[in-house]
>>> print(open('input29.tsv').read())   # TSV, C-alpha atoms
chain	number	residue	atom	x	y	z
A	1	MET	CA	-34.68	-29.43	108.35
A	2	THR	CA	-32.17	-26.61	107.76
A	3	LYS	CA	-34.99	-24.43	106.48
A	4	THR	CA	-36.62	-24.46	109.92
A	5	LYS	CA	-35.63	-21.55	112.17
A	6	PHE	CA	-36.49	-22.62	115.69
A	7	GLY	CA	-32.96	-22.50	117.00
A	8	VAL	CA	-31.25	-24.72	119.46
A	9	ILE	CA	-34.13	-27.07	120.35
A	10	LEU	CA	-34.43	-28.29	116.78
A	11	PHE	CA	-30.67	-28.26	116.36
A	12	THR	CA	-30.31	-30.42	119.45
A	13	LEU	CA	-32.67	-33.15	118.34
A	14	PHE	CA	-32.38	-33.46	114.60
A	15	SER	CA	-29.25	-31.82	113.19
A	16	ILE	CA	-26.08	-33.36	111.77
A	17	GLN	CA	-26.26	-37.18	111.45
A	18	MET	CA	-28.59	-37.72	114.38
A	19	GLN	CA	-31.94	-37.47	112.58
A	20	ALA	CA	-30.94	-40.07	110.00
A	21	GLN	CA	-29.62	-42.46	112.67
A	22	LEU	CA	-32.32	-42.25	115.33
A	23	GLU	CA	-34.41	-44.99	113.78
A	24	GLU	CA	-31.37	-47.28	113.80
A	25	VAL	CA	-30.70	-46.51	117.46
A	26	PHE	CA	-34.32	-47.41	118.29
A	27	SER	CA	-33.59	-50.96	117.09
A	28	ALA	CA	-31.76	-51.36	120.41
A	29	ARG	CA	-35.15	-51.23	122.14
A	30	ASP	CA	-34.92	-50.23	125.83
A	31	ASP	CA	-31.18	-49.71	125.47
A	32	ALA	CA	-31.85	-46.79	123.11
A	33	GLN	CA	-32.97	-44.78	126.13
A	34	THR	CA	-29.74	-45.42	128.02
A	35	TYR	CA	-27.58	-44.56	125.02
A	36	LEU	CA	-29.49	-41.43	124.01
A	37	ASN	CA	-29.58	-40.21	127.61
A	38	HIS	CA	-25.77	-40.14	127.59
A	39	TYR	CA	-25.66	-38.64	124.10
A	40	LEU	CA	-28.18	-35.83	124.56
A	41	SER	CA	-27.60	-34.89	128.19
A	42	PRO	CA	-25.07	-32.03	127.68
A	43	VAL	CA	-27.16	-30.18	125.11
A	44	MET	CA	-30.44	-30.64	126.99
A	45	ASN	CA	-28.79	-29.42	130.19
A	46	GLY	CA	-27.29	-26.43	128.41
A	47	LEU	CA	-30.68	-25.51	126.99
A	48	MET	CA	-32.30	-25.60	130.45
A	49	TYR	CA	-29.56	-23.49	132.01
A	50	ASN	CA	-30.05	-20.96	129.21
A	51	LEU	CA	-33.79	-20.69	129.73
A	52	ASN	CA	-33.08	-19.61	133.32
A	53	ASN	CA	-30.67	-16.86	132.21
A	54	GLY	CA	-31.23	-13.28	131.11
A	55	TRP	CA	-34.24	-12.52	133.31
A	56	TYR	CA	-32.74	-9.28	134.69
A	57	HIS	CA	-30.04	-6.69	134.16
A	58	THR	CA	-30.68	-4.60	137.28
A	59	GLY	CA	-31.81	-5.05	140.86
A	60	LYS	CA	-34.11	-2.03	140.58
A	61	THR	CA	-37.73	-2.59	139.59
A	62	HIS	CA	-39.80	-0.24	137.44
A	63	ASP	CA	-42.04	2.48	138.71
A	64	LYS	CA	-45.75	1.79	138.34
A	65	TRP	CA	-46.51	1.04	134.65
A	66	GLY	CA	-42.91	1.48	133.58
A	67	PHE	CA	-41.89	-1.12	131.04
A	68	ASP	CA	-39.03	-2.61	129.07
A	69	LEU	CA	-38.52	-4.77	126.00
A	70	THR	CA	-35.35	-6.87	126.07
A	71	LEU	CA	-33.49	-9.01	123.54
A	72	THR	CA	-30.97	-11.39	125.12
A	73	ALA	CA	-28.58	-13.98	123.74
A	74	SER	CA	-27.41	-16.52	126.31
A	75	VAL	CA	-24.69	-19.10	125.74
A	76	SER	CA	-24.12	-22.03	128.13
A	77	MET	CA	-20.66	-23.55	127.83
A	78	ILE	CA	-20.48	-27.33	127.95
A	79	PRO	CA	-17.75	-28.66	130.28
A	80	GLU	CA	-15.01	-30.72	128.66
A	81	ALA	CA	-15.94	-33.75	130.75
A	82	GLU	CA	-19.46	-33.72	129.24
A	83	LYS	CA	-18.26	-34.15	125.65
A	84	MET	CA	-17.55	-37.89	125.93
A	85	PHE	CA	-18.96	-40.85	127.81
A	86	VAL	CA	-17.76	-44.41	128.34
A	87	PHE	CA	-19.86	-47.17	126.81
A	88	GLU	CA	-20.29	-49.55	129.76
A	89	ALA	CA	-21.50	-52.96	128.54
A	90	SER	CA	-23.18	-53.68	131.88
A	91	GLU	CA	-25.69	-50.85	131.23
A	92	TYR	CA	-27.13	-52.53	128.12
A	93	ASN	CA	-29.10	-55.68	127.31
A	94	TYR	CA	-29.50	-55.43	123.53
A	95	LEU	CA	-26.71	-53.05	122.52
A	96	THR	CA	-23.02	-53.94	122.29
A	97	LEU	CA	-19.87	-52.30	120.97
A	98	SER	CA	-19.02	-54.02	117.69
A	99	SER	CA	-15.76	-52.18	116.98
A	100	GLY	CA	-13.84	-49.05	117.88
A	101	SER	CA	-13.25	-47.18	121.12
A	102	ASN	CA	-15.66	-47.45	124.04
A	103	GLU	CA	-15.26	-43.70	124.59
A	104	LEU	CA	-18.16	-42.31	122.57
A	105	PRO	CA	-19.05	-38.69	121.85
A	106	THR	CA	-22.05	-36.92	123.24
A	107	ALA	CA	-23.89	-34.47	120.98
A	108	ALA	CA	-21.31	-31.85	122.05
A	109	GLY	CA	-18.35	-34.14	121.39
A	110	SER	CA	-16.33	-34.98	118.30
A	111	THR	CA	-16.68	-37.64	115.63
A	112	THR	CA	-16.10	-41.36	116.12
A	113	THR	CA	-15.50	-44.48	114.03
A	114	SER	CA	-17.03	-46.79	116.63
A	115	VAL	CA	-19.74	-49.20	115.49
A	116	LEU	CA	-22.59	-50.50	117.65
A	117	GLN	CA	-24.61	-53.68	117.30
A	118	ALA	CA	-28.26	-54.20	118.32
A	119	THR	CA	-29.44	-57.79	118.88
A	120	ASN	CA	-33.05	-58.90	119.24
A	121	ASP	CA	-34.45	-61.65	121.48
A	122	GLU	CA	-34.00	-64.24	118.73
A	123	GLY	CA	-30.31	-63.50	118.47
A	124	ASP	CA	-30.46	-61.69	115.11
A	125	SER	CA	-28.49	-58.45	114.97
A	126	VAL	CA	-27.84	-55.32	112.97
A	127	THR	CA	-24.88	-52.93	113.16
A	128	PHE	CA	-24.78	-49.14	112.80
A	129	ASP	CA	-22.35	-46.28	113.34
A	130	ALA	CA	-22.34	-44.64	116.76
A	131	LEU	CA	-23.89	-41.18	116.80
A	132	GLN	CA	-21.51	-38.35	115.94
A	133	GLY	CA	-20.92	-35.18	117.97
A	134	VAL	CA	-20.78	-31.67	116.57
A	135	GLY	CA	-17.71	-30.44	118.45
A	136	ASP	CA	-15.45	-30.76	115.41
A	137	LYS	CA	-17.71	-28.36	113.54
A	138	TRP	CA	-17.28	-25.66	116.20
A	139	PRO	CA	-14.78	-22.93	115.14
A	140	SER	CA	-11.47	-23.86	116.77
A	141	ASN	CA	-10.39	-20.21	117.19
A	142	PHE	CA	-13.72	-19.00	118.59
A	143	PHE	CA	-13.37	-17.36	122.01
A	144	ILE	CA	-16.30	-19.35	123.45
A	145	PRO	CA	-15.92	-23.16	123.66
A	146	VAL	CA	-18.60	-25.59	122.45
A	147	SER	CA	-21.82	-24.07	123.72
A	148	VAL	CA	-25.60	-24.06	123.53
A	149	PRO	CA	-26.84	-20.64	122.32
A	150	THR	CA	-30.39	-19.47	123.03
A	151	PRO	CA	-31.86	-16.10	121.94
A	152	MET	CA	-34.84	-14.72	123.88
A	153	ILE	CA	-37.24	-11.78	123.69
A	154	GLN	CA	-38.79	-10.58	126.93
A	155	ALA	CA	-41.19	-7.84	128.03
A	156	GLY	CA	-41.60	-6.47	131.55
A	157	VAL	CA	-43.99	-4.02	133.21
A	158	GLY	CA	-44.03	-2.43	136.65
A	159	ILE	CA	-47.12	-2.88	138.81
A	160	PRO	CA	-47.93	-1.44	142.26
A	161	SER	CA	-45.90	-2.43	145.33
A	162	GLY	CA	-42.53	-2.26	143.62
A	163	THR	CA	-43.04	-5.37	141.50
A	164	ASP	CA	-42.22	-6.19	137.89
A	165	VAL	CA	-44.03	-8.82	135.87
A	166	LYS	CA	-41.89	-10.28	133.08
A	167	LEU	CA	-43.11	-12.34	130.13
A	168	ARG	CA	-41.41	-14.49	127.53
A	169	TYR	CA	-43.73	-15.76	124.85
A	170	PHE	CA	-43.44	-17.56	121.55
A	171	PRO	CA	-46.87	-18.46	120.13
A	172	LYS	CA	-47.50	-21.99	118.93
A	173	THR	CA	-45.99	-22.16	115.48
A	174	THR	CA	-46.29	-25.07	113.09
A	175	ASN	CA	-45.05	-26.12	109.71
A	176	GLU	CA	-45.14	-29.38	107.79
A	177	GLU	CA	-43.10	-31.26	110.42
A	178	LEU	CA	-42.74	-29.10	113.51
A	179	ALA	CA	-44.90	-27.48	116.20
A	180	TYR	CA	-43.21	-25.29	118.82
A	181	SER	CA	-44.31	-22.94	121.61
A	182	LEU	CA	-42.73	-21.23	124.64
A	183	LEU	CA	-44.10	-19.34	127.63
A	184	GLY	CA	-42.13	-17.91	130.53
A	185	ILE	CA	-43.20	-15.69	133.40
A	186	GLY	CA	-41.11	-13.97	136.06
A	187	ILE	CA	-41.84	-11.82	139.11
A	188	GLN	CA	-39.21	-9.42	140.44
A	189	HIS	CA	-40.02	-7.66	143.71
A	190	ASP	CA	-38.17	-4.71	145.25
A	191	LEU	CA	-36.80	-5.60	148.70
A	192	THR	CA	-35.12	-2.24	149.25
A	193	GLN	CA	-38.45	-0.66	150.23
A	194	HIS	CA	-38.70	-3.08	153.15
A	195	LEU	CA	-35.14	-2.39	154.38
A	196	GLN	CA	-35.26	1.14	155.75
A	197	PHE	CA	-31.56	1.24	156.62
A	198	LEU	CA	-30.80	1.21	152.87
A	199	ASP	CA	-32.36	4.66	152.46
A	200	LYS	CA	-28.93	6.09	153.23
A	201	ILE	CA	-27.48	4.32	150.18
A	202	PRO	CA	-29.61	5.59	147.26
A	203	THR	CA	-27.44	3.91	144.64
A	204	LEU	CA	-28.02	0.42	146.07
A	205	HIS	CA	-31.07	-1.67	145.13
A	206	ILE	CA	-31.98	-5.19	146.20
A	207	SER	CA	-34.77	-7.35	144.80
A	208	ALA	CA	-35.93	-10.96	144.61
A	209	LEU	CA	-36.79	-12.83	141.41
A	210	GLY	CA	-38.75	-15.99	140.73
A	211	SER	CA	-39.37	-17.29	137.21
A	212	PHE	CA	-40.75	-20.31	135.35
A	213	THR	CA	-40.42	-21.21	131.67
A	214	GLN	CA	-42.14	-23.95	129.68
A	215	ALA	CA	-41.41	-24.96	126.10
A	216	GLN	CA	-43.00	-27.68	123.97
A	217	LEU	CA	-41.94	-29.14	120.65
A	218	THR	CA	-43.49	-31.84	118.48
A	219	TYR	CA	-41.69	-33.21	115.44
A	220	THR	CA	-43.61	-35.39	112.97
A	221	PRO	CA	-41.41	-36.54	110.07
A	222	THR	CA	-42.97	-36.55	106.63
A	223	GLU	CA	-40.60	-39.36	105.63
A	224	SER	CA	-38.82	-42.04	107.66
A	225	PRO	CA	-36.27	-44.67	106.61
A	226	VAL	CA	-38.07	-47.15	108.89
A	227	GLU	CA	-41.65	-48.21	108.21
A	228	GLY	CA	-44.27	-47.70	110.90
A	229	GLU	CA	-47.24	-45.65	112.02
A	230	GLY	CA	-47.69	-42.52	114.13
A	231	GLN	CA	-43.97	-41.78	114.30
A	232	ARG	CA	-43.25	-38.52	116.10
A	233	MET	CA	-41.08	-36.98	118.81
A	234	GLU	CA	-42.42	-34.82	121.63
A	235	MET	CA	-40.34	-32.68	123.95
A	236	LYS	CA	-41.48	-30.75	127.03
A	237	VAL	CA	-39.15	-28.46	128.96
A	238	GLY	CA	-39.85	-26.80	132.30
A	239	THR	CA	-37.30	-24.62	134.13
A	240	TYR	CA	-37.33	-22.32	137.16
A	241	THR	CA	-34.99	-20.03	139.05
A	242	LEU	CA	-35.11	-18.19	142.39
A	243	GLN	CA	-32.60	-15.39	142.96
A	244	VAL	CA	-31.74	-12.39	145.08
A	245	ILE	CA	-30.34	-9.48	143.04
A	246	GLY	CA	-28.39	-6.45	144.11
A	247	ASP	CA	-27.06	-3.58	142.03
A	248	ILE	CA	-25.20	-0.31	142.35
A	249	ASP	CA	-26.74	2.26	140.02
A	250	LEU	CA	-24.38	5.03	138.92
A	251	LYS	CA	-26.83	6.41	136.34
A	252	LEU	CA	-24.76	5.85	133.19
A	253	VAL	CA	-23.46	2.48	134.37
A	254	ASN	CA	-24.63	-0.03	136.92
A	255	PHE	CA	-23.17	-3.23	138.29
A	256	TYR	CA	-25.42	-6.09	139.30
A	257	LEU	CA	-24.97	-9.35	141.17
A	258	GLY	CA	-27.48	-12.18	141.45
A	259	MET	CA	-27.32	-15.29	143.61
A	260	GLY	CA	-29.80	-18.13	143.85
A	261	TYR	CA	-30.97	-21.53	142.71
A	262	THR	CA	-31.74	-22.91	139.27
A	263	GLY	CA	-33.54	-26.08	138.23
A	264	GLY	CA	-35.45	-27.73	135.44
A	265	ALA	CA	-36.60	-30.93	133.77
A	266	THR	CA	-36.99	-32.08	130.16
A	267	ASN	CA	-38.96	-35.06	128.85
A	268	ILE	CA	-38.42	-36.39	125.33
A	269	ASP	CA	-40.63	-39.16	123.91
A	270	ALA	CA	-40.32	-41.03	120.63
A	271	LEU	CA	-43.82	-42.33	119.88
A	272	GLY	CA	-45.36	-44.60	117.28
A	273	THR	CA	-44.33	-47.93	115.78
A	274	TYR	CA	-41.01	-48.71	114.11
A	275	GLN	CA	-40.62	-51.90	112.06
A	276	TYR	CA	-37.16	-53.47	112.13
A	277	ASP	CA	-35.77	-56.41	110.20
A	278	TYR	CA	-32.67	-58.45	110.95
A	279	ASP	CA	-30.61	-61.06	109.17
A	280	GLU	CA	-27.24	-62.68	109.67
A	281	ASN	CA	-25.54	-60.13	107.40
A	282	GLY	CA	-26.50	-57.20	109.57
A	283	SER	CA	-29.21	-55.83	107.30
A	284	PHE	CA	-32.97	-55.65	107.79
A	285	GLU	CA	-34.88	-58.69	106.46
A	286	ALA	CA	-37.26	-60.15	109.09
A	287	ASP	CA	-40.15	-58.19	110.58
A	288	GLU	CA	-40.17	-56.96	114.19
A	289	THR	CA	-42.07	-53.94	115.56
A	290	VAL	CA	-40.95	-51.64	118.39
A	291	THR	CA	-43.62	-49.36	119.90
A	292	ASP	CA	-42.92	-46.02	121.63
A	293	PRO	CA	-39.18	-46.76	121.76
A	294	MET	CA	-37.92	-43.85	123.85
A	295	HIS	CA	-38.77	-41.88	126.97
A	296	LEU	CA	-35.93	-39.68	128.23
A	297	ASN	CA	-35.73	-37.53	131.33
A	298	PHE	CA	-33.13	-34.84	131.98
A	299	GLU	CA	-32.86	-32.74	135.13
A	300	ILE	CA	-30.69	-29.87	136.35
A	301	ASN	CA	-30.45	-28.17	139.73
A	302	GLY	CA	-27.89	-26.21	141.65
A	303	PHE	CA	-26.78	-22.81	142.84
A	304	LYS	CA	-25.79	-20.01	140.49
A	305	THR	CA	-24.10	-16.63	140.77
A	306	THR	CA	-24.37	-13.95	138.10
A	307	ALA	CA	-22.25	-10.80	137.82
A	308	GLY	CA	-22.85	-8.18	135.16
A	309	VAL	CA	-22.59	-4.61	133.97
A	310	ARG	CA	-25.12	-2.41	132.20
A	311	PHE	CA	-24.69	0.87	130.34
A	312	SER	CA	-27.57	3.35	129.99
A	313	LEU	CA	-27.88	5.44	126.84
A	314	GLY	CA	-31.15	7.27	127.44
A	315	PRO	CA	-33.95	4.69	127.22
A	316	VAL	CA	-31.57	2.14	125.69
A	317	ARG	CA	-29.67	-0.28	127.93
A	318	VAL	CA	-26.76	-2.45	126.85
A	319	PHE	CA	-25.70	-5.21	129.23
A	320	ALA	CA	-23.55	-8.31	129.58
A	321	ASP	CA	-23.03	-10.80	132.38
A	322	TYR	CA	-21.36	-14.05	133.36
A	323	THR	CA	-23.04	-16.82	135.34
A	324	LEU	CA	-21.08	-19.28	137.44
A	325	GLN	CA	-22.89	-22.63	137.57
A	326	LYS	CA	-22.29	-26.23	136.42
A	327	TYR	CA	-22.56	-25.04	132.81
A	328	PRO	CA	-21.06	-21.51	132.96
A	329	ALA	CA	-22.96	-19.00	130.84
A	330	ILE	CA	-22.40	-15.68	129.12
A	331	ALA	CA	-25.34	-13.43	128.30
A	332	ALA	CA	-25.52	-10.12	126.47
A	333	GLY	CA	-28.45	-8.03	125.39
A	334	LEU	CA	-30.15	-4.82	124.46
A	335	ALA	CA	-33.15	-3.33	126.24
A	336	PHE	CA	-35.50	-0.43	125.62
A	337	SER	CA	-36.69	0.72	129.04
A	338	ILE	CA	-38.89	3.47	130.43
A	339	ARG	CA	-38.88	3.59	134.22
>>> encode(input="input29.tsv", output="structure tokens")
Amino acid sequence: MTKTKFGVILFTLFSIQMQAQLEEVFSARDDAQTYLNHYLSPVMNGLMYNLNNGWYHTGKTHDKWGFDLTLTASVSMIPEAEKMFVFEASEYNYLTLSSGSNELPTAAGSTTTSVLQATNDEGDSVTFDALQGVGDKWPSNFFIPVSVPTPMIQAGVGIPSGTDVKLRYFPKTTNEELAYSLLGIGIQHDLTQHLQFLDKIPTLHISALGSFTQAQLTYTPTESPVEGEGQRMEMKVGTYTLQVIGDIDLKLVNFYLGMGYTGGATNIDALGTYQYDYDENGSFEADETVTDPMHLNFEINGFKTTAGVRFSLGPVRVFADYTLQKYPAIAAGLAFSIR
């Protein structure tokens, strides 16, 4: 899997110990959804917040047929409270805590020695280690705490009526195990032209932005430690943001401020059949089949405020900003722009 270069989405689902352990978690049947929802939530949320970042670095739209090409790296910081969750026995029917602490790591948390036990309807059980977090692998002296990084490439073009059309696109790409695609579209419209009293402040520009992004990923393992048929994981992500943007343009430098609403939803499905065996010693011996063991839903929504600065070096723009939201974010980028 390390040879695959599709960034944080793949990292989120299959890196570290998680890929090897997923099939064991699925032995907990419906409880696997509850457990994995707690485990994956911070990274899925961080990914969605990131996909709504980096859409602009100015409140001024292009002139007709002006264009820009922008490369942005956005990093959503995971709050400390999202790095652990408490294993509440009342939430589970098949899964119990066999040993260790009931404070378990999420994907953004640290390691744990806790052991879980899955029991089937006949009373047979199997034990496995709780999923590990990746927080301990994050550089301790790094100036950004445990985060979800997402790079993006975006193109924009000015059309009549003071409007920019922005596009993010990653064509469907496949290899032996993975298929991935992304499409995002944004519309930024100049409001200054409709506010005549702003004519006396030529350095001030105000605009409105709406955007939508959709990403899809399918992972089909070539090998699995658990026998079965049609085993695969499918993920669909949809995010949107609505914002009002203002900036003060001083030619060589401009300052911009955006305020608005952000939201999104992610669905992850584990499909196919997984054959599990149990015996009294906690190993797999007797046949039992679980079909389509997981359907997860993650959602984000809330208000956001972004403040940033941009420097203009001819047609080249260098910018950085900070977004205040549930998962605070830092973004920085480079743009080639012709007004």
>>> residues_around(input="input29.tsv", residues="His189 of chain A", least_positions_apart="5", cutoff="12 Å", atoms="all atoms listed in the file", output="ChimeraX atom specification")
/A:56,58-63,157-166,194,205-211,242-246
>>> write_last_selection(input="input29.tsv", atoms="C-alpha atoms", output="JSON list (two decimals), keeping the file's coordinate frame")
[["chain", "number", "residue", "atom", "x", "y", "z"],
["A", 56, "TYR", "CA", -32.74, -9.28, 134.69],
["A", 58, "THR", "CA", -30.68, -4.60, 137.28],
["A", 59, "GLY", "CA", -31.81, -5.05, 140.86],
["A", 60, "LYS", "CA", -34.11, -2.03, 140.58],
["A", 61, "THR", "CA", -37.73, -2.59, 139.59],
["A", 62, "HIS", "CA", -39.80, -0.24, 137.44],
["A", 63, "ASP", "CA", -42.04, 2.48, 138.71],
["A", 157, "VAL", "CA", -43.99, -4.02, 133.21],
["A", 158, "GLY", "CA", -44.03, -2.43, 136.65],
["A", 159, "ILE", "CA", -47.12, -2.88, 138.81],
["A", 160, "PRO", "CA", -47.93, -1.44, 142.26],
["A", 161, "SER", "CA", -45.90, -2.43, 145.33],
["A", 162, "GLY", "CA", -42.53, -2.26, 143.62],
["A", 163, "THR", "CA", -43.04, -5.37, 141.50],
["A", 164, "ASP", "CA", -42.22, -6.19, 137.89],
["A", 165, "VAL", "CA", -44.03, -8.82, 135.87],
["A", 166, "LYS", "CA", -41.89, -10.28, 133.08],
["A", 194, "HIS", "CA", -38.70, -3.08, 153.15],
["A", 205, "HIS", "CA", -31.07, -1.67, 145.13],
["A", 206, "ILE", "CA", -31.98, -5.19, 146.20],
["A", 207, "SER", "CA", -34.77, -7.35, 144.80],
["A", 208, "ALA", "CA", -35.93, -10.96, 144.61],
["A", 209, "LEU", "CA", -36.79, -12.83, 141.41],
["A", 210, "GLY", "CA", -38.75, -15.99, 140.73],
["A", 211, "SER", "CA", -39.37, -17.29, 137.21],
["A", 242, "LEU", "CA", -35.11, -18.19, 142.39],
["A", 243, "GLN", "CA", -32.60, -15.39, 142.96],
["A", 244, "VAL", "CA", -31.74, -12.39, 145.08],
["A", 245, "ILE", "CA", -30.34, -9.48, 143.04],
["A", 246, "GLY", "CA", -28.39, -6.45, 144.11]]
>>> closest_residue(input="input29.tsv", among="A:Met233, A:Met84, A:Leu36, A:Ala28", to="Asp121 of chain A", atoms="only C-alpha atoms")
A:Ala28
>>> closest_residue(input="input29.tsv", among="A:Thr222, A:Asn297, A:Gln231, A:Thr239", to="Leu183 of chain A", atoms="only C-alpha atoms")
A:Thr239
>>> residues_around(input="input29.tsv", residues="Tyr256 of chain A", least_positions_apart="4", cutoff="9 Å", atoms="all atoms listed in the file", output="list in words")
His57, Thr58, Gly59, Ile245, Gly246, Asp247, Ile248, Asp249, Thr306, Ala307, Gly308, Val309, Arg310 and Asp321 of chain A
>>> write_last_selection(input="input29.tsv", atoms="C-alpha atoms", output="mmCIF file, in the coordinates of the input")
data_model
loop_
_atom_site.group_PDB
_atom_site.id
_atom_site.type_symbol
_atom_site.label_atom_id
_atom_site.label_comp_id
_atom_site.auth_asym_id
_atom_site.auth_seq_id
_atom_site.Cartn_x
_atom_site.Cartn_y
_atom_site.Cartn_z
ATOM 1 C CA HIS A 57 -30.040 -6.690 134.160
ATOM 2 C CA THR A 58 -30.680 -4.600 137.280
ATOM 3 C CA GLY A 59 -31.810 -5.050 140.860
ATOM 4 C CA ILE A 245 -30.340 -9.480 143.040
ATOM 5 C CA GLY A 246 -28.390 -6.450 144.110
ATOM 6 C CA ASP A 247 -27.060 -3.580 142.030
ATOM 7 C CA ILE A 248 -25.200 -0.310 142.350
ATOM 8 C CA ASP A 249 -26.740 2.260 140.020
ATOM 9 C CA THR A 306 -24.370 -13.950 138.100
ATOM 10 C CA ALA A 307 -22.250 -10.800 137.820
ATOM 11 C CA GLY A 308 -22.850 -8.180 135.160
ATOM 12 C CA VAL A 309 -22.590 -4.610 133.970
ATOM 13 C CA ARG A 310 -25.120 -2.410 132.200
ATOM 14 C CA ASP A 321 -23.030 -10.800 132.380
#
>>> closest_residue(input="input29.tsv", among="A:Leu217, A:Met294, A:Phe87, A:Thr119", to="Ser99 of chain A", atoms="all atoms listed in the file")
A:Phe87
>>> build_atoms(input="input29.tsv", residues="segment 81-100 of chain A", atoms="N, CA and C atoms", output="compact mmCIF listing (two decimals), in the coordinates of the input")
# COMPACT_ATOMS: atom_id res chain seq x y z
N ALA A 81 -15.63 -32.39 130.30
CA ALA A 81 -15.94 -33.75 130.75
C ALA A 81 -17.27 -34.26 130.22
N GLU A 82 -18.14 -33.34 129.73
CA GLU A 82 -19.46 -33.72 129.24
C GLU A 82 -19.46 -34.01 127.74
N LYS A 83 -18.31 -33.96 127.10
CA LYS A 83 -18.26 -34.15 125.65
C LYS A 83 -18.08 -35.61 125.25
N MET A 84 -17.74 -36.47 126.20
CA MET A 84 -17.55 -37.89 125.93
C MET A 84 -18.20 -38.69 127.06
N PHE A 85 -18.53 -39.94 126.77
CA PHE A 85 -18.96 -40.85 127.81
C PHE A 85 -18.43 -42.24 127.49
N VAL A 86 -18.29 -43.06 128.51
CA VAL A 86 -17.76 -44.41 128.34
C VAL A 86 -18.91 -45.38 128.14
N PHE A 87 -18.86 -46.15 127.08
CA PHE A 87 -19.86 -47.17 126.81
C PHE A 87 -19.59 -48.35 127.75
N GLU A 88 -20.42 -48.48 128.78
CA GLU A 88 -20.29 -49.55 129.76
C GLU A 88 -21.24 -50.69 129.37
N ALA A 89 -20.69 -51.84 129.02
CA ALA A 89 -21.50 -52.96 128.54
C ALA A 89 -22.55 -53.38 129.55
N SER A 90 -22.25 -53.23 130.84
CA SER A 90 -23.18 -53.68 131.88
C SER A 90 -24.47 -52.86 131.91
N GLU A 91 -24.49 -51.69 131.24
CA GLU A 91 -25.69 -50.85 131.23
C GLU A 91 -26.70 -51.31 130.17
N TYR A 92 -26.31 -52.22 129.29
CA TYR A 92 -27.13 -52.53 128.12
C TYR A 92 -27.47 -54.02 128.06
N ASN A 93 -28.65 -54.31 127.52
CA ASN A 93 -29.10 -55.68 127.31
C ASN A 93 -29.09 -56.09 125.84
N TYR A 94 -29.37 -55.14 124.96
CA TYR A 94 -29.50 -55.43 123.53
C TYR A 94 -28.39 -54.80 122.70
N LEU A 95 -27.68 -53.84 123.27
CA LEU A 95 -26.71 -53.05 122.52
C LEU A 95 -25.29 -53.41 122.97
N THR A 96 -24.42 -53.65 122.00
CA THR A 96 -23.02 -53.94 122.29
C THR A 96 -22.12 -53.10 121.39
N LEU A 97 -20.87 -52.99 121.79
CA LEU A 97 -19.87 -52.30 120.97
C LEU A 97 -19.27 -53.30 120.01
N SER A 98 -19.51 -53.09 118.70
CA SER A 98 -19.02 -54.02 117.69
C SER A 98 -17.56 -53.78 117.37
N SER A 99 -17.16 -52.51 117.27
CA SER A 99 -15.76 -52.18 116.98
C SER A 99 -15.50 -50.74 117.37
N GLY A 100 -14.22 -50.41 117.56
CA GLY A 100 -13.84 -49.05 117.88
C GLY A 100 -13.70 -48.81 119.38
